[in-house]
$ cat input.cif   # mmCIF, C-alpha atoms
data_entry
loop_
_atom_site.label_atom_id
_atom_site.label_comp_id
_atom_site.auth_asym_id
_atom_site.auth_seq_id
_atom_site.Cartn_x
_atom_site.Cartn_y
_atom_site.Cartn_z
CA MET A 1 122.58 93.93 115.02
CA CYS A 2 121.76 92.14 111.79
CA ARG A 3 121.22 94.83 109.21
CA LEU A 4 119.70 93.63 105.98
CA ASP A 5 119.17 96.88 104.12
CA ARG A 6 120.64 96.70 100.65
CA PRO A 7 121.77 99.42 98.26
CA SER A 8 119.14 100.29 95.70
CA ALA A 9 121.53 98.99 93.03
CA TRP A 10 120.55 95.48 94.08
CA PRO A 11 116.82 95.46 93.51
CA TRP A 12 116.83 91.92 92.19
CA THR A 13 117.94 90.65 95.54
CA TYR A 14 116.33 93.31 97.72
CA ASN A 15 112.76 92.77 96.66
CA THR A 16 112.53 89.04 96.36
CA ARG A 17 109.89 87.26 98.40
CA GLY A 18 112.62 85.64 100.44
CA THR A 19 114.27 88.91 101.42
CA GLN A 20 110.87 90.39 102.19
CA ILE A 21 110.23 87.58 104.64
CA ILE A 22 113.69 87.95 106.13
CA ARG A 23 113.15 91.68 106.53
CA ARG A 24 109.88 91.03 108.35
CA ILE A 25 111.58 88.64 110.73
CA PHE A 26 114.67 90.80 111.19
CA PRO A 27 113.48 94.38 110.65
CA SER A 28 115.95 97.22 110.44
CA ARG A 29 116.52 99.43 113.47
CA ALA A 30 114.45 102.18 111.87
CA GLU A 31 111.56 99.81 111.24
CA GLN A 32 111.72 98.50 114.79
CA GLU A 33 111.63 102.09 116.02
CA ILE A 34 108.58 102.84 113.89
CA ARG A 35 106.81 99.67 115.03
CA ARG A 36 107.46 100.48 118.66
CA ALA A 37 106.10 103.99 118.22
CA VAL A 38 102.99 103.12 116.24
CA PRO A 39 100.71 102.10 119.16
CA GLY A 40 101.20 105.49 120.77
CA ILE A 41 100.98 107.51 117.57
CA HIS A 42 98.22 105.66 115.77
CA PRO A 43 95.30 107.22 117.71
CA ARG A 44 96.68 110.67 116.90
CA LEU A 45 97.17 109.74 113.27
CA TRP A 46 93.63 108.46 113.12
CA ARG A 47 92.07 111.55 114.65
CA TYR A 48 94.09 113.77 112.34
CA ALA A 49 92.92 111.62 109.42
CA LEU A 50 89.38 111.96 110.76
CA SER A 51 89.71 115.73 110.74
CA LEU A 52 90.86 115.59 107.12
CA THR A 53 88.41 113.03 105.76
CA LYS A 54 85.47 113.74 108.09
CA ASP A 55 84.66 110.07 107.68
CA ARG A 56 85.49 107.36 110.20
CA ALA A 57 86.02 104.52 107.72
CA GLU A 58 88.17 106.60 105.41
CA ALA A 59 90.16 107.92 108.35
CA GLU A 60 90.85 104.39 109.51
CA ASP A 61 91.95 103.42 106.03
CA LEU A 62 94.13 106.50 105.65
CA ALA A 63 95.85 106.02 109.02
CA GLN A 64 96.43 102.37 108.23
CA GLU A 65 97.90 103.20 104.83
CA ALA A 66 100.17 105.81 106.39
CA VAL A 67 101.57 103.29 108.84
CA LEU A 68 102.03 100.70 106.10
CA GLN A 69 103.83 103.17 103.91
CA GLY A 70 105.91 104.35 106.84
CA LEU A 71 107.04 100.79 107.44
CA ALA A 72 107.63 100.13 103.75
CA LYS A 73 109.79 103.23 103.55
CA ALA A 74 111.51 102.66 106.87
CA ALA A 75 114.89 102.74 105.12
CA GLN A 76 114.27 106.45 104.49
CA PHE A 77 113.54 107.14 108.15
CA THR A 78 116.45 108.44 110.18
CA SER A 79 116.68 106.42 113.35
CA GLY A 80 116.47 108.57 116.45
CA THR A 81 114.34 111.28 114.87
CA HIS A 82 110.62 111.84 115.37
CA VAL A 83 108.42 108.99 114.18
CA ASP A 84 105.27 111.04 114.68
CA ARG A 85 106.41 113.80 112.30
CA TRP A 86 107.42 111.17 109.77
CA LEU A 87 104.04 109.43 109.85
CA PHE A 88 101.97 112.63 109.93
CA ARG A 89 103.83 113.86 106.87
CA ILE A 90 103.21 110.59 105.04
CA LEU A 91 99.55 110.64 106.01
CA HIS A 92 99.09 114.18 104.76
CA ARG A 93 100.72 113.38 101.43
CA LEU A 94 98.53 110.33 101.03
CA TRP A 95 95.49 112.48 101.70
CA LEU A 96 96.54 115.04 99.10
CA ASN A 97 97.07 112.23 96.59
CA ARG A 98 93.58 110.96 97.28
CA LEU A 99 92.11 114.40 96.79
CA ARG A 100 93.98 114.85 93.55
CA ALA A 101 92.88 111.43 92.31
CA ALA A 102 89.29 112.32 93.14
CA GLU A 103 89.62 115.54 91.17
CA VAL A 104 91.04 113.67 88.19
CA ARG A 105 88.15 111.19 88.37
CA ARG A 106 85.75 114.11 88.32
CA GLY A 107 87.38 115.25 85.08
CA ALA A 108 89.15 118.28 86.45
CA GLY A 109 92.57 116.99 85.49
CA PHE A 110 95.60 117.37 87.70
CA VAL A 111 95.67 120.59 89.66
CA PRO A 112 97.64 121.53 92.74
CA VAL A 113 95.46 121.04 95.77
CA GLU A 114 96.01 124.52 97.09
CA GLU A 115 94.87 126.02 93.80
CA ALA A 116 91.91 123.74 93.45
CA GLY A 117 90.65 124.52 96.95
CA LEU A 118 89.50 120.95 97.35
CA THR A 119 87.49 119.92 100.34
CA ALA A 120 86.58 116.54 101.70
CA PRO A 121 83.18 115.33 100.51
CA GLY A 122 80.21 114.95 102.79
CA ASP A 123 79.24 116.41 106.11
CA PRO A 124 81.37 115.91 109.19
CA GLU A 125 80.33 113.00 111.35
CA GLN A 126 78.29 114.78 113.98
CA THR A 127 78.92 111.97 116.43
CA PHE A 128 82.56 112.96 116.57
CA PHE A 129 82.43 116.67 115.89
CA GLY A 130 79.48 117.61 118.02
CA THR A 131 81.06 120.32 120.18
CA GLU A 132 80.84 123.93 119.09
CA VAL A 133 84.56 124.56 118.75
CA LEU A 134 85.24 121.29 116.94
CA SER A 135 82.30 121.74 114.64
CA ALA A 136 83.54 125.24 113.73
CA VAL A 137 87.05 123.93 113.07
CA MET A 138 85.67 121.22 110.81
CA ASP A 139 84.04 123.91 108.70
CA LEU A 140 87.38 125.56 107.97
CA SER A 141 89.07 124.98 104.64
CA ASP A 142 91.27 121.90 104.42
CA ALA A 143 94.44 123.97 104.48
CA GLN A 144 93.39 125.97 107.55
CA ARG A 145 92.06 122.90 109.33
CA SER A 146 95.30 120.96 108.81
CA ALA A 147 97.33 123.81 110.26
CA VAL A 148 95.00 124.18 113.25
CA MET A 149 95.04 120.46 113.96
CA LEU A 150 98.79 120.07 113.71
CA VAL A 151 99.64 123.14 115.78
CA TYR A 152 96.80 123.52 118.28
CA VAL A 153 95.83 119.87 118.74
CA GLU A 154 99.00 117.88 118.06
CA GLY A 155 101.22 120.58 119.51
CA PHE A 156 103.72 120.76 116.67
CA ALA A 157 105.75 123.94 116.28
CA TYR A 158 105.05 126.13 113.26
CA ALA A 159 108.25 124.94 111.58
CA GLU A 160 107.39 121.28 112.19
CA ALA A 161 103.89 121.70 110.79
CA ALA A 162 105.33 123.55 107.80
CA GLU A 163 107.68 120.66 107.11
CA MET A 164 104.86 118.13 107.34
CA LEU A 165 102.66 120.07 104.97
CA ASP A 166 105.53 121.00 102.64
CA VAL A 167 104.85 124.73 102.88
CA PRO A 168 106.86 127.69 104.19
CA ILE A 169 106.49 128.56 107.87
CA GLY A 170 104.88 131.86 106.92
CA THR A 171 102.13 129.98 105.11
CA ILE A 172 101.35 128.01 108.26
CA MET A 173 101.10 131.24 110.27
CA SER A 174 98.94 132.88 107.62
CA ARG A 175 96.63 129.88 107.61
CA LEU A 176 96.39 130.00 111.39
CA ALA A 177 95.60 133.70 111.22
CA ALA A 178 92.87 133.12 108.64
CA ALA A 179 91.51 130.23 110.69
CA ARG A 180 91.51 132.27 113.87
CA ALA A 181 89.69 135.15 112.17
CA ARG A 182 87.01 132.85 110.83
CA LEU A 183 86.61 131.02 114.14
CA LYS A 184 86.37 134.33 115.98
CA GLU A 185 83.51 135.38 113.69
CA ARG A 186 81.69 132.18 114.46
CA LEU A 187 82.53 131.58 118.10
CA GLY A 188 83.08 135.07 119.45
CA GLY A 189 85.87 136.15 121.76
CA ARG A 190 87.32 135.07 125.03
CA GLU A 191 85.28 135.59 128.12
CA MET B 1 111.87 133.98 115.55
CA SER B 2 114.52 135.57 113.43
CA ASN B 3 112.39 137.03 110.66
CA VAL B 4 109.77 138.52 112.91
CA ASP B 5 110.18 141.99 111.40
CA HIS B 6 109.23 140.66 108.01
CA MET B 7 106.09 138.84 109.08
CA ALA B 8 102.70 139.86 107.85
CA PRO B 9 100.95 141.63 110.74
CA ASP B 10 98.41 138.85 111.19
CA ALA B 11 101.09 136.16 111.29
CA LEU B 12 102.96 138.21 113.86
CA LEU B 13 99.84 138.58 115.97
CA VAL B 14 99.16 134.84 115.78
CA ALA B 15 102.67 134.13 117.04
CA PHE B 16 102.03 136.67 119.80
CA LEU B 17 98.74 135.03 120.80
CA ASP B 18 100.32 131.58 120.70
CA GLY B 19 103.18 132.69 122.93
CA ALA B 20 105.61 131.78 120.16
CA LEU B 21 107.46 135.10 120.08
CA PRO B 22 110.69 135.58 121.98
CA GLU B 23 110.03 137.58 125.13
CA ASP B 24 111.78 140.76 123.97
CA GLN B 25 109.82 140.82 120.73
CA ALA B 26 106.58 140.03 122.54
CA ARG B 27 107.25 142.91 124.93
CA ALA B 28 107.91 145.30 122.07
CA LEU B 29 104.79 144.20 120.23
CA ARG B 30 102.72 144.50 123.41
CA ALA B 31 103.82 148.11 123.74
CA GLU B 32 103.05 148.77 120.09
CA ILE B 33 99.58 147.26 120.40
CA ALA B 34 98.84 149.38 123.46
CA GLU B 35 99.37 152.52 121.38
CA ASP B 36 97.79 151.42 118.11
CA PRO B 37 93.98 151.05 117.95
CA ALA B 38 94.18 149.36 114.53
CA LEU B 39 96.51 146.68 115.90
CA GLN B 40 94.23 146.27 118.92
CA ALA B 41 91.27 145.70 116.63
CA ARG B 42 93.22 143.20 114.54
CA LEU B 43 94.43 141.36 117.61
CA SER B 44 90.88 141.18 118.89
CA ALA B 45 89.71 139.74 115.56
CA LEU B 46 92.21 136.88 115.93
CA ASP B 47 91.85 136.30 119.66
CA VAL B 48 89.54 133.31 119.82
CA ASP B 49 89.41 130.80 122.66
CA LEU B 50 90.64 127.47 121.29
CA SER B 51 91.38 125.91 124.67
CA GLY B 52 88.53 123.43 124.24
CA LEU B 53 89.80 122.09 120.94
CA ARG B 54 92.50 119.79 122.23
CA PRO B 55 90.34 118.18 124.94
CA ASP B 56 87.63 117.67 122.31
CA MET B 57 90.10 115.90 120.04
CA ASP B 58 91.58 113.95 122.96
CA ALA B 59 88.09 112.67 123.65
CA LEU B 60 88.14 111.00 120.23
CA VAL B 61 91.12 108.81 121.09
CA PRO B 62 89.11 106.03 122.80
CA ASN B 63 87.22 105.65 119.52
CA ALA B 64 90.43 105.09 117.58
CA PRO B 65 90.64 101.74 115.81
CA LEU B 66 93.39 99.27 116.55
CA PRO B 67 96.57 99.52 114.52
CA ALA B 68 95.98 96.18 112.84
CA VAL B 69 99.06 96.50 110.69
CA LEU B 70 101.23 96.54 113.77
CA ALA B 71 99.72 93.38 115.13
CA ARG B 72 100.22 91.63 111.80
CA GLY B 73 103.80 92.67 111.40
CA SER B 74 104.94 92.00 114.92
CA ALA B 75 103.11 88.70 115.00
CA VAL B 76 105.39 87.33 112.30
CA GLN B 77 108.49 88.55 114.08
CA LEU B 78 107.42 87.42 117.49
CA ALA B 79 106.27 84.02 116.29
CA ALA B 80 109.60 83.63 114.51
CA ALA B 81 111.49 84.78 117.59
CA ALA B 82 109.51 82.36 119.71
CA VAL B 83 110.35 79.53 117.32
CA VAL B 84 114.05 80.38 117.44
CA ALA B 85 114.07 80.73 121.21
CA LEU B 86 112.23 77.50 121.74
CA ALA B 87 114.44 75.68 119.28
CA LEU B 88 117.57 76.87 121.04
CA LEU B 89 116.46 76.58 124.63
CA LEU B 90 114.07 73.71 124.50
CA GLY B 91 115.36 71.54 121.72
CA GLY B 92 115.07 68.45 123.82
CA VAL B 93 111.67 69.39 125.13
CA LEU B 94 110.33 70.11 121.69
CA ILE B 95 111.33 66.68 120.51
CA GLY B 96 109.10 65.31 123.18
CA ILE B 97 106.10 67.32 122.15
CA ARG B 98 103.55 65.05 120.66
CA ALA B 99 102.51 65.49 117.06
CA ALA B 100 99.04 66.54 118.16
CA ASP B 101 100.55 69.35 120.19
CA ARG B 102 102.53 70.91 117.38
CA PRO B 103 101.85 74.54 116.44
CA GLY B 104 98.55 74.90 114.72
CA ASP B 105 96.76 75.61 117.93
CA TRP B 106 97.98 78.83 119.51
CA ARG B 107 97.09 77.52 122.95
CA ASP B 108 99.69 74.75 122.66
CA PHE B 109 102.33 77.23 121.66
CA ALA B 110 101.41 79.59 124.49
CA ALA B 111 101.58 76.70 126.95
CA ALA B 112 104.98 75.62 125.60
CA TYR B 113 106.19 79.19 126.05
CA HIS B 114 104.86 79.24 129.61
CA LEU B 115 106.78 76.05 130.27
CA LEU B 116 109.96 78.16 130.24
CA TYR B 117 108.78 80.29 133.11
CA ARG B 118 110.23 79.87 136.56
CA THR B 119 109.53 81.83 139.71
CA GLU B 120 112.69 83.80 139.09
CA THR B 121 111.53 84.68 135.59
CA LEU B 122 108.73 86.76 136.99
CA ALA B 123 110.03 87.61 140.45
CA SER B 124 112.97 89.57 139.09
CA GLY B 125 112.70 92.92 137.38
CA GLU B 126 110.21 95.68 137.75
CA ILE B 127 106.53 95.07 138.06
CA ALA B 128 104.72 96.28 134.96
CA GLY B 129 103.08 99.66 135.48
CA ASP B 130 99.81 100.96 134.16
CA GLY B 131 101.58 101.75 130.90
CA GLY B 132 101.95 98.08 130.01
CA VAL B 133 98.33 97.33 130.83
CA ALA B 134 97.16 100.40 128.92
CA ARG B 135 99.23 99.34 125.95
CA VAL B 136 97.76 95.84 125.72
CA SER B 137 94.28 97.21 126.45
CA TYR B 138 94.65 99.54 123.52
CA LEU B 139 95.93 96.74 121.31
CA LEU B 140 92.90 94.54 121.98
CA GLY B 141 90.47 97.44 122.16
CA ARG B 142 89.36 96.49 125.65
CA ASP B 143 89.97 97.75 129.16
CA LEU B 144 92.01 94.93 130.65
CA SER B 145 93.04 96.74 133.84
CA SER B 146 91.03 94.29 135.99
CA LEU B 147 93.44 91.53 134.92
CA ALA B 148 96.20 93.36 136.77
CA GLN B 149 94.27 93.05 140.03
CA ILE B 150 93.25 89.44 140.55
CA ASP B 151 92.85 88.27 144.11
CA GLY B 152 95.48 85.76 145.15
CA LEU B 153 97.77 86.46 142.22
CA ASP B 154 100.73 88.80 142.17
CA PHE B 155 100.57 90.55 138.81
CA ARG B 156 104.04 90.85 137.31
CA ARG B 157 103.69 92.05 133.74
CA ALA B 158 101.60 92.35 130.61
CA GLN B 159 103.30 91.81 127.29
CA ILE B 160 102.49 91.66 123.63
CA LEU B 161 103.26 88.44 121.80
CA GLY B 162 101.92 87.26 118.50
CA TRP B 163 100.49 84.27 116.79
CA GLU B 164 100.51 84.21 113.00
CA ASP B 165 98.54 87.28 111.92
CA GLN B 166 97.20 88.21 115.32
CA ALA B 167 98.35 89.97 118.43
CA LEU B 168 98.51 87.75 121.49
CA VAL B 169 98.52 89.41 124.89
CA GLN B 170 99.93 87.70 127.94
CA PHE B 171 99.39 88.69 131.56
CA ALA B 172 101.85 86.93 133.86
CA TYR B 173 101.50 86.39 137.60
CA LEU B 174 102.95 84.49 140.52
CA ASP B 175 100.59 82.67 142.83
CA ALA B 176 100.98 82.53 146.61
CA GLN B 177 103.43 79.64 146.24
CA GLY B 178 105.49 81.53 143.68
CA ARG B 179 104.30 79.45 140.74
CA PRO B 180 103.93 81.20 137.38
CA VAL B 181 100.38 81.70 136.12
CA ALA B 182 99.43 83.30 132.81
CA VAL B 183 96.32 84.65 131.17
CA CYS B 184 96.63 84.89 127.40
CA LEU B 185 94.15 86.74 125.22
CA MET B 186 93.64 86.90 121.50
CA ALA B 187 90.87 88.48 119.47
CA THR B 188 88.48 86.03 117.81
CA GLY B 189 87.44 88.52 115.17
CA ASP B 190 83.82 87.75 115.91
CA ALA B 191 82.12 89.21 118.96
CA ASN B 192 79.35 86.62 118.73
CA ILE B 193 81.59 83.65 119.33
CA ALA B 194 81.18 82.33 122.87
CA THR B 195 82.29 78.99 124.21
CA GLY B 196 82.17 77.26 127.55
CA PHE B 197 85.18 76.48 129.68
CA GLU B 198 87.45 73.84 128.19
CA GLN B 199 89.94 72.24 130.52
CA ALA B 200 92.98 70.59 129.03
CA GLU B 201 96.48 69.58 129.97
CA ARG B 202 98.97 71.12 127.56
CA HIS B 203 102.64 70.27 127.88
CA ARG B 204 102.04 69.12 131.45
CA LEU B 205 100.40 72.42 132.35
CA SER B 206 96.82 72.94 133.48
CA THR B 207 94.88 75.15 131.10
CA VAL B 208 91.34 76.43 130.72
CA THR B 209 90.10 78.10 127.55
CA PHE B 210 86.96 80.05 126.85
CA ALA B 211 85.79 82.62 124.32
CA ASP B 212 83.49 85.51 124.97
CA ASP B 213 82.72 88.91 123.55
CA GLY B 214 85.31 88.78 120.80
CA LEU B 215 88.18 87.38 122.84
CA GLN B 216 89.71 83.94 123.27
CA VAL B 217 91.14 83.54 126.73
CA LEU B 218 93.63 80.91 127.85
CA VAL B 219 94.47 80.54 131.53
CA ILE B 220 97.64 78.58 132.25
CA GLY B 221 98.86 77.25 135.57
CA ALA B 222 101.23 74.64 136.87
CA GLU B 223 100.49 70.96 136.49
CA GLY B 224 97.75 69.91 138.84
CA MET B 225 97.21 73.45 140.08
CA GLY B 226 93.76 73.86 141.53
CA GLY B 227 91.53 76.84 140.97
CA ILE B 228 92.43 77.43 137.32
CA GLU B 229 88.82 76.98 136.22
CA ALA B 230 87.56 79.25 139.00
CA LEU B 231 90.09 81.82 137.88
CA ALA B 232 88.84 81.54 134.30
CA GLU B 233 85.24 81.91 135.47
CA GLY B 234 86.18 85.00 137.46
CA ILE B 235 87.81 86.54 134.41
CA ALA B 236 84.84 85.66 132.21
CA ALA B 237 82.50 87.34 134.70
CA GLN B 238 84.34 90.61 134.15
CA PHE B 239 83.81 90.61 130.38
#
$ encode --input "input.cif" --output "structure tokens"
Amino acid sequence: MCRLDRPSAWPWTYNTRGTQIIRRIFPSRAEQEIRRAVPGIHPRLWRYALSLTKDRAEAEDLAQEAVLQGLAKAAQFTSGTHVDRWLFRILHRLWLNRLRAAEVRRGAGFVPVEEAGLTAPGDPEQTFFGTEVLSAVMDLSDAQRSAVMLVYVEGFAYAEAAEMLDVPIGTIMSRLAAARARLKERLGGRE
Amino acid sequence: MSNVDHMAPDALLVAFLDGALPEDQARALRAEIAEDPALQARLSALDVDLSGLRPDMDALVPNAPLPAVLARGSAVQLAAAAVVALALLLGGVLIGIRAADRPGDWRDFAAAYHLLYRTETLASGEIAGDGGVARVSYLLGRDLSSLAQIDGLDFRRAQILGWEDQALVQFAYLDAQGRPVAVCLMATGDANIATGFEQAERHRLSTVTFADDGLQVLVIGAEGMGGIEALAEGIAAQF
């Protein structure tokens, strides 16, 4: 296996155009692993991005950026681990950065997302979120919606979702509890 | 869950509802709930039917866009790999390729690649399953399953290749005489582009090209093989 990763102490050789081309032709094992996994994961990334952004075009852009960043940072990915968790985590961080940037543009300065209680702009695309349950979930806060999507849609364990969102596991469970309570108010109970 | 005793009641109840508690703890909590009306009320407030959520989100998947970045990246690698392979295995043949046939037209390159195929190339190994067809269908954003069931051709596999910045999909078959046949598809980027059937001999292989509904299609068969145009027309009729 031709491995072309270089120590970070050699940036003058690592980031030249020539080495970039070579790396594209002979990607590292981690990058190959990510590339192989992307076709299967991308639709999930996109729908998660759609649940965050509530906008098809922005979701497409966000999912694309997450994959690009995942490939660019492939050297940080541990081969043999879960590509989906890696890419979901990157996507969520990118989304938080976008929200923060939007807040700064609005003159609010830098504030932690959780404190600011930011929400995606605009109404959900009714074409996609037309069912009652989905529509109710889209009305949850961003934090609750992320937890619901990662655990109840993507099937991640609490601990995995907590790692992706960079919060303690208890926070994930509290968010799920709050989400469940709100959804119960809106949707009613089980038959 | 090791810290279950320290969980906030709601978090504990969520884990209970989600079936995430170890059985002994779930049993203990169940008993506690049975005797505590306040816990029963709280459990009821959290007990919402979310079973429809996942199917609703699964239904969005067909609307997902193509992972264009993947096609771009792999195209470079695959084109490079194809160049290396052809240089090593077909050095002599490549020398004979006329200047007009040099890469620049993806169809020439696809035909040169097909030139390597022998009956044994496709006869050996497992036949591609639905997974391969689903994968290339997803890549091109089109249901291509009909290409795996063409009368008179034994479908062997569907694979992803690349040409410059684009994904190139190849379906490979054996005809009744065991001769390799291929159908290659590449997105045009413009759904309005439509062309008629163009027959051409490329690297001594019979080919027919057409474009329709956002796809360029190249059908490749052995030199002098009849029915290539009819095959192309049959494929076009399905688009």
$ atom_distance --input "input.cif" --atom1 "atom CA of Arg47 of chain A" --atom2 "atom CA of Leu91 of chain A"
11.5 Å
$ residues_around --input "input.cif" --residues "Arg93 of chain A" --least-positions-apart "6" --cutoff "10 Å" --atoms "only C-alpha atoms" --output "list of chain:residue names"
A:Ala66, A:Leu87, A:Leu99, A:Met164, A:Leu165, A:Asp166
$ atom_distance --input "input.cif" --atom1 "atom CA of Val133 of chain A" --atom2 "atom CA of Leu53 of chain B"
6.2 Å
$ resolve_selection --input "input.cif" --expression "the PyMOL selection byres ((chain A) within 9 of (chain B))" --output "MDAnalysis selection string"
chainID A and resid 24:27 35:36 38:40 42:44 46:48 60 63:65 67:68 128:129 131 133:134 137 149 152:154 157:158 170:185 187:191
$ write_last_selection --input "input.cif" --atoms "C-alpha atoms" --output "short mmCIF file (atom, residue, chain, number, x, y, z; two decimals), keeping the file's coordinate frame"
data_model
loop_
_atom_site.label_atom_id
_atom_site.label_comp_id
_atom_site.auth_asym_id
_atom_site.auth_seq_id
_atom_site.Cartn_x
_atom_site.Cartn_y
_atom_site.Cartn_z
CA ARG A 24 109.88 91.03 108.35
CA ILE A 25 111.58 88.64 110.73
CA PHE A 26 114.67 90.80 111.19
CA PRO A 27 113.48 94.38 110.65
CA ARG A 35 106.81 99.67 115.03
CA ARG A 36 107.46 100.48 118.66
CA VAL A 38 102.99 103.12 116.24
CA PRO A 39 100.71 102.10 119.16
CA GLY A 40 101.20 105.49 120.77
CA HIS A 42 98.22 105.66 115.77
CA PRO A 43 95.30 107.22 117.71
CA ARG A 44 96.68 110.67 116.90
CA TRP A 46 93.63 108.46 113.12
CA ARG A 47 92.07 111.55 114.65
CA TYR A 48 94.09 113.77 112.34
CA GLU A 60 90.85 104.39 109.51
CA ALA A 63 95.85 106.02 109.02
CA GLN A 64 96.43 102.37 108.23
CA GLU A 65 97.90 103.20 104.83
CA VAL A 67 101.57 103.29 108.84
CA LEU A 68 102.03 100.70 106.10
CA PHE A 128 82.56 112.96 116.57
CA PHE A 129 82.43 116.67 115.89
CA THR A 131 81.06 120.32 120.18
CA VAL A 133 84.56 124.56 118.75
CA LEU A 134 85.24 121.29 116.94
CA VAL A 137 87.05 123.93 113.07
CA MET A 149 95.04 120.46 113.96
CA TYR A 152 96.80 123.52 118.28
CA VAL A 153 95.83 119.87 118.74
CA GLU A 154 99.00 117.88 118.06
CA ALA A 157 105.75 123.94 116.28
CA TYR A 158 105.05 126.13 113.26
CA GLY A 170 104.88 131.86 106.92
CA THR A 171 102.13 129.98 105.11
CA ILE A 172 101.35 128.01 108.26
CA MET A 173 101.10 131.24 110.27
CA SER A 174 98.94 132.88 107.62
CA ARG A 175 96.63 129.88 107.61
CA LEU A 176 96.39 130.00 111.39
CA ALA A 177 95.60 133.70 111.22
CA ALA A 178 92.87 133.12 108.64
CA ALA A 179 91.51 130.23 110.69
CA ARG A 180 91.51 132.27 113.87
CA ALA A 181 89.69 135.15 112.17
CA ARG A 182 87.01 132.85 110.83
CA LEU A 183 86.61 131.02 114.14
CA LYS A 184 86.37 134.33 115.98
CA GLU A 185 83.51 135.38 113.69
CA LEU A 187 82.53 131.58 118.10
CA GLY A 188 83.08 135.07 119.45
CA GLY A 189 85.87 136.15 121.76
CA ARG A 190 87.32 135.07 125.03
CA GLU A 191 85.28 135.59 128.12
#
$ resolve_selection --input "input.cif" --expression "the PyMOL selection byres ((chain B and resi 210) around 12)" --output "PyMOL selection string"
chain B and resi 107+183-188+193-200+207-209+211-219+229+231-237+239
$ atom_distance --input "input.cif" --atom1 "atom CA of His203 of chain B" --atom2 "atom CA of Val181 of chain B"
14.3 Å
$ resolve_selection --input "input.cif" --expression "the PyMOL selection byres ((chain A and resi 79-84) around 9)" --output "list in words"
Arg29, Ala30, Glu31, Glu33, Ile34, Ala37, Val38, Ile41, His42, Arg44, Leu45, Phe77, Thr78, Arg85, Trp86, Leu87, Phe88 and Arg89 of chain A
$ closest_residue --input "input.cif" --among "A:Ile90, A:Gln32, A:Asn97, A:Ser51" --to "Ala75 of chain A" --atoms "only C-alpha atoms"
A:Gln32
$ residues_around --input "input.cif" --residues "Leu147 of chain B" --least-positions-apart "6" --cutoff "10 Å" --atoms "all atoms listed in the file" --output "ChimeraX atom specification"
/B:133,153,155,158,171-173,183,235,238
$ axis_aligned_box --input "input.cif" --around "segment 131-137 of chain B" --padding-each-side "3 Å" --output "JSON"
{"center_x": 98.1, "center_y": 98.8, "center_z": 128.3, "size_x": 13.7, "size_y": 11.9, "size_z": 11.2}
